[in-house]
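Working notes for the structure below.
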Amino acid sequence: MADRRNGAPPPPTDTTVLARDWEHTELSGGHYERKTFLDVDLMELFNRGATFTECTLRGVQFRNASTRQEAVFLNCTFTRCKFFDATSTDCKMAGSMFDRCSYDLMEVVGVDLADAWSHSADLSGADLWGSDLSALDPLTVRLAGAVIEPDQAFVVASALGLKIR
């Protein structure tokens, strides 16, 4: 597993949700705190405004038109999750960490990644237009082919230590 910022351990969880226990196809405003989601398939799940706080999501499948709108993931740990053909709009992922996740055909619009830990993430080809990239370390993340807007380019260039004139 990749290290969390400053070597901090992931938050402890109290309960585990297994794939066989998950039957939701829509989440609206629910709150999940300190839960481990293990190998849960969220295929085609619609999540509007659900909040996940200090959760661990391991092997979770966000795929085939899985959609998150205004969802919140605070200080969560995503490990080996697949974001295939998934959409996140106006979400907040502050303090979250992504380890060995894949992002094929993922669309991200207006997502707050402030303070997210994306060390060694592969965001190649991701549409990051409108996302907060202030915490992104472009030296440790693969960005080839990612789509960003001009203001974001300034953020990435500054993080690389470039001077813009």
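Ordered as shown in the structure tokens, chains take letters A, B, and onward, while each chain numbers its residues from 1 and ligands are numbered from 1 in the order shown.
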
Excluding segment 35-44 of chain A and its own-chain neighbours fewer than 6 positions away, which residues fall within 10 Å of it when counting only C-alpha atoms? Please give them as JSON, numbers by chain. {"A": [11, 12, 13, 14, 15, 16, 17, 18, 19, 20, 21, 22, 23, 24, 25, 26, 52, 53, 54, 55, 56, 57, 58, 59, 60, 61, 62, 63, 64, 65, 66, 67, 76, 77, 78, 79, 80, 81, 82, 83, 84, 85, 86]}

Hey, can you check how far atom CA of Lys163 of chain A sits from atom CA of Val141 of chain A?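 If I compute the distance from atom CA of Lys163 of chain A to atom CA of Val141 of chain A, I get 20.4 Å.
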
Leaving out segment 90-94 of chain A and any residue of its chain fewer than 6 positions from it, which residues lie within 7 Å of it when counting only C-alpha atoms, given as an MDAnalysis selection string? chainID A and resid 69:75 109:116

Which distance in Å separates atom CA of Arg100 of chain A and atom CA of Arg68 of chain A, to one decimal?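 Computed distance, atom CA of Arg100 of chain A to atom CA of Arg68 of chain A, equals 20.4 Å.
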
Distance query segment 148-157 of chain A at most 6 Å, only C-alpha atoms, self and fewer than 3 positions along chain excluded, as number ranges by chain: A: 128-129, 160, 162

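Selecting helix (DSSP H, G or I) from the backbone DSSP output for segment 12-165 of chain A yields Ala19, Arg20, Asp21, Pro150, Asp151, Gln152, Ala153, Phe154, Val155, Val156, Ala157, Ser158 and Ala159 of chain A.
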
As a CSV table (one decimal) with N, CA, C and O atoms, in the first residue's frame, which residues of segment 22-88 of chain A does DSSP assign to strand (DSSP E)?
```
chain,number,residue,atom,x,y,z
A,26,GLU,N,-29.1,3.3,-5.5
A,26,GLU,CA,-29.0,4.7,-5.3
A,26,GLU,C,-28.8,5.1,-3.9
A,26,GLU,O,-29.3,4.5,-3.0
A,27,LEU,N,-27.9,6.1,-3.7
A,27,LEU,CA,-27.6,6.7,-2.4
A,27,LEU,C,-28.0,8.1,-2.4
A,27,LEU,O,-27.5,8.9,-3.3
A,28,SER,N,-28.8,8.6,-1.5
A,28,SER,CA,-29.2,10.0,-1.5
A,28,SER,C,-29.1,10.5,-0.1
A,28,SER,O,-29.9,10.1,0.8
A,31,HIS,N,-25.1,8.7,5.2
A,31,HIS,CA,-23.8,9.0,5.8
A,31,HIS,C,-23.2,7.6,6.3
A,31,HIS,O,-23.8,6.8,7.0
A,32,TYR,N,-21.9,7.4,5.9
A,32,TYR,CA,-21.2,6.2,6.3
A,32,TYR,C,-19.9,6.7,6.9
A,32,TYR,O,-19.2,7.5,6.4
A,33,GLU,N,-19.7,6.2,8.1
A,33,GLU,CA,-18.5,6.6,8.8
A,33,GLU,C,-17.7,5.4,9.3
A,33,GLU,O,-18.3,4.5,9.9
A,35,LYS,N,-16.3,2.8,7.9
A,35,LYS,CA,-16.7,1.5,7.4
A,35,LYS,C,-15.7,1.1,6.3
A,35,LYS,O,-15.1,1.9,5.6
A,36,THR,N,-15.4,-0.2,6.2
A,36,THR,CA,-14.6,-0.8,5.2
A,36,THR,C,-15.6,-1.4,4.2
A,36,THR,O,-16.5,-2.2,4.5
A,37,PHE,N,-15.5,-0.9,2.9
A,37,PHE,CA,-16.3,-1.5,1.8
A,37,PHE,C,-15.3,-2.4,1.0
A,37,PHE,O,-14.4,-2.0,0.4
A,38,LEU,N,-15.6,-3.7,1.1
A,38,LEU,CA,-14.7,-4.7,0.5
A,38,LEU,C,-15.3,-5.4,-0.7
A,38,LEU,O,-16.3,-6.1,-0.6
A,46,PHE,N,-26.1,5.4,-8.5
A,46,PHE,CA,-26.3,6.8,-8.5
A,46,PHE,C,-26.1,7.3,-7.0
A,46,PHE,O,-26.9,6.9,-6.2
A,47,ASN,N,-25.1,8.1,-6.8
A,47,ASN,CA,-24.9,8.7,-5.4
A,47,ASN,C,-25.0,10.2,-5.5
A,47,ASN,O,-24.2,10.9,-6.0
A,48,ARG,N,-26.1,10.7,-4.9
A,48,ARG,CA,-26.3,12.1,-4.8
A,48,ARG,C,-26.2,12.5,-3.3
A,48,ARG,O,-27.1,12.2,-2.5
A,51,THR,N,-22.3,10.9,2.1
A,51,THR,CA,-21.1,11.3,2.8
A,51,THR,C,-20.4,10.1,3.3
A,51,THR,O,-21.0,9.3,4.0
A,52,PHE,N,-19.1,9.9,3.0
A,52,PHE,CA,-18.3,8.8,3.5
A,52,PHE,C,-17.1,9.5,4.3
A,52,PHE,O,-16.4,10.3,3.7
A,53,THR,N,-17.1,9.2,5.6
A,53,THR,CA,-16.0,9.8,6.4
A,53,THR,C,-15.1,8.7,7.0
A,53,THR,O,-15.6,7.8,7.6
A,56,THR,N,-12.7,3.0,4.3
A,56,THR,CA,-11.7,2.4,3.5
A,56,THR,C,-12.5,1.7,2.4
A,56,THR,O,-13.5,0.9,2.7
A,57,LEU,N,-12.2,1.9,1.1
A,57,LEU,CA,-12.9,1.3,0.0
A,57,LEU,C,-11.8,0.5,-0.7
A,57,LEU,O,-10.9,1.0,-1.3
A,58,ARG,N,-11.9,-0.9,-0.6
A,58,ARG,CA,-10.9,-1.8,-1.1
A,58,ARG,C,-11.5,-2.7,-2.2
A,58,ARG,O,-12.4,-3.4,-1.9
A,61,GLN,N,-15.8,-1.4,-7.2
A,61,GLN,CA,-16.0,-1.1,-8.6
A,61,GLN,C,-16.9,0.0,-8.8
A,61,GLN,O,-18.1,-0.1,-8.6
A,62,PHE,N,-16.4,1.2,-9.2
A,62,PHE,CA,-17.2,2.3,-9.6
A,62,PHE,C,-17.2,2.2,-11.1
A,62,PHE,O,-16.3,2.8,-11.8
A,63,ARG,N,-18.2,1.6,-11.8
A,63,ARG,CA,-18.1,1.3,-13.2
A,63,ARG,C,-19.4,1.4,-13.9
A,63,ARG,O,-20.5,1.4,-13.2
A,67,THR,N,-22.3,7.0,-11.0
A,67,THR,CA,-22.4,8.4,-11.0
A,67,THR,C,-22.4,8.9,-9.5
A,67,THR,O,-23.1,8.4,-8.7
A,68,ARG,N,-21.5,9.9,-9.3
A,68,ARG,CA,-21.6,10.6,-8.0
A,68,ARG,C,-21.8,12.1,-8.2
A,68,ARG,O,-21.1,12.7,-9.0
A,69,GLN,N,-22.8,12.7,-7.6
A,69,GLN,CA,-23.0,14.1,-7.6
A,69,GLN,C,-23.1,14.6,-6.2
A,69,GLN,O,-23.8,14.1,-5.4
A,72,VAL,N,-19.4,13.3,-0.9
A,72,VAL,CA,-18.3,13.7,-0.1
A,72,VAL,C,-17.6,12.4,0.4
A,72,VAL,O,-18.2,11.5,1.0
A,73,PHE,N,-16.3,12.4,0.2
A,73,PHE,CA,-15.4,11.4,0.7
A,73,PHE,C,-14.3,12.1,1.5
A,73,PHE,O,-13.3,12.6,1.0
A,74,LEU,N,-14.5,12.1,2.9
A,74,LEU,CA,-13.5,12.8,3.7
A,74,LEU,C,-12.5,11.9,4.3
A,74,LEU,O,-12.9,10.9,5.0
A,77,THR,N,-9.8,6.1,2.2
A,77,THR,CA,-8.7,5.4,1.6
A,77,THR,C,-9.3,4.5,0.5
A,77,THR,O,-10.1,3.6,0.8
A,78,PHE,N,-8.9,4.7,-0.8
A,78,PHE,CA,-9.3,3.9,-1.9
A,78,PHE,C,-8.1,3.1,-2.3
A,78,PHE,O,-7.1,3.6,-2.7
A,79,THR,N,-8.3,1.8,-2.3
A,79,THR,CA,-7.2,0.8,-2.7
A,79,THR,C,-7.8,-0.1,-3.7
A,79,THR,O,-8.8,-0.8,-3.5
A,82,LYS,N,-11.7,0.5,-9.1
A,82,LYS,CA,-11.8,0.8,-10.5
A,82,LYS,C,-12.9,1.8,-10.8
A,82,LYS,O,-14.0,1.6,-10.4
A,83,PHE,N,-12.5,2.9,-11.5
A,83,PHE,CA,-13.4,3.9,-11.9
A,83,PHE,C,-13.5,3.9,-13.4
A,83,PHE,O,-13.0,4.7,-14.1
A,84,PHE,N,-14.2,2.8,-13.9
A,84,PHE,CA,-14.3,2.7,-15.3
A,84,PHE,C,-15.7,3.3,-15.8
A,84,PHE,O,-16.7,2.9,-15.3
A,87,THR,N,-18.5,8.8,-13.4
A,87,THR,CA,-18.6,10.3,-13.4
A,87,THR,C,-18.7,10.8,-12.0
A,87,THR,O,-19.5,10.3,-11.2
A,88,SER,N,-17.9,11.8,-11.7
A,88,SER,CA,-18.0,12.5,-10.4
A,88,SER,C,-18.2,14.0,-10.7
A,88,SER,O,-17.4,14.6,-11.4
```

For Val147 of chain A, which residue out of A:Asp99, A:Asp122, A:Asp132, A:Asp127 is the nearest one, using only C-alpha atoms?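 Among the listed residues, the smallest separation from Val147 of chain A belongs to A:Asp127.
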
Pick from A:Pro10, A:Pro138, A:Gly49, A:Gly30, whichever lies nearest to Ala159 of chain A using only C-alpha atoms: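 Checking each candidate against Ala159 of chain A, we get A:Pro138 as the closest.
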
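Atom CA of Leu45 of chain A is positioned 27.4 Å from atom CA of Leu136 of chain A.
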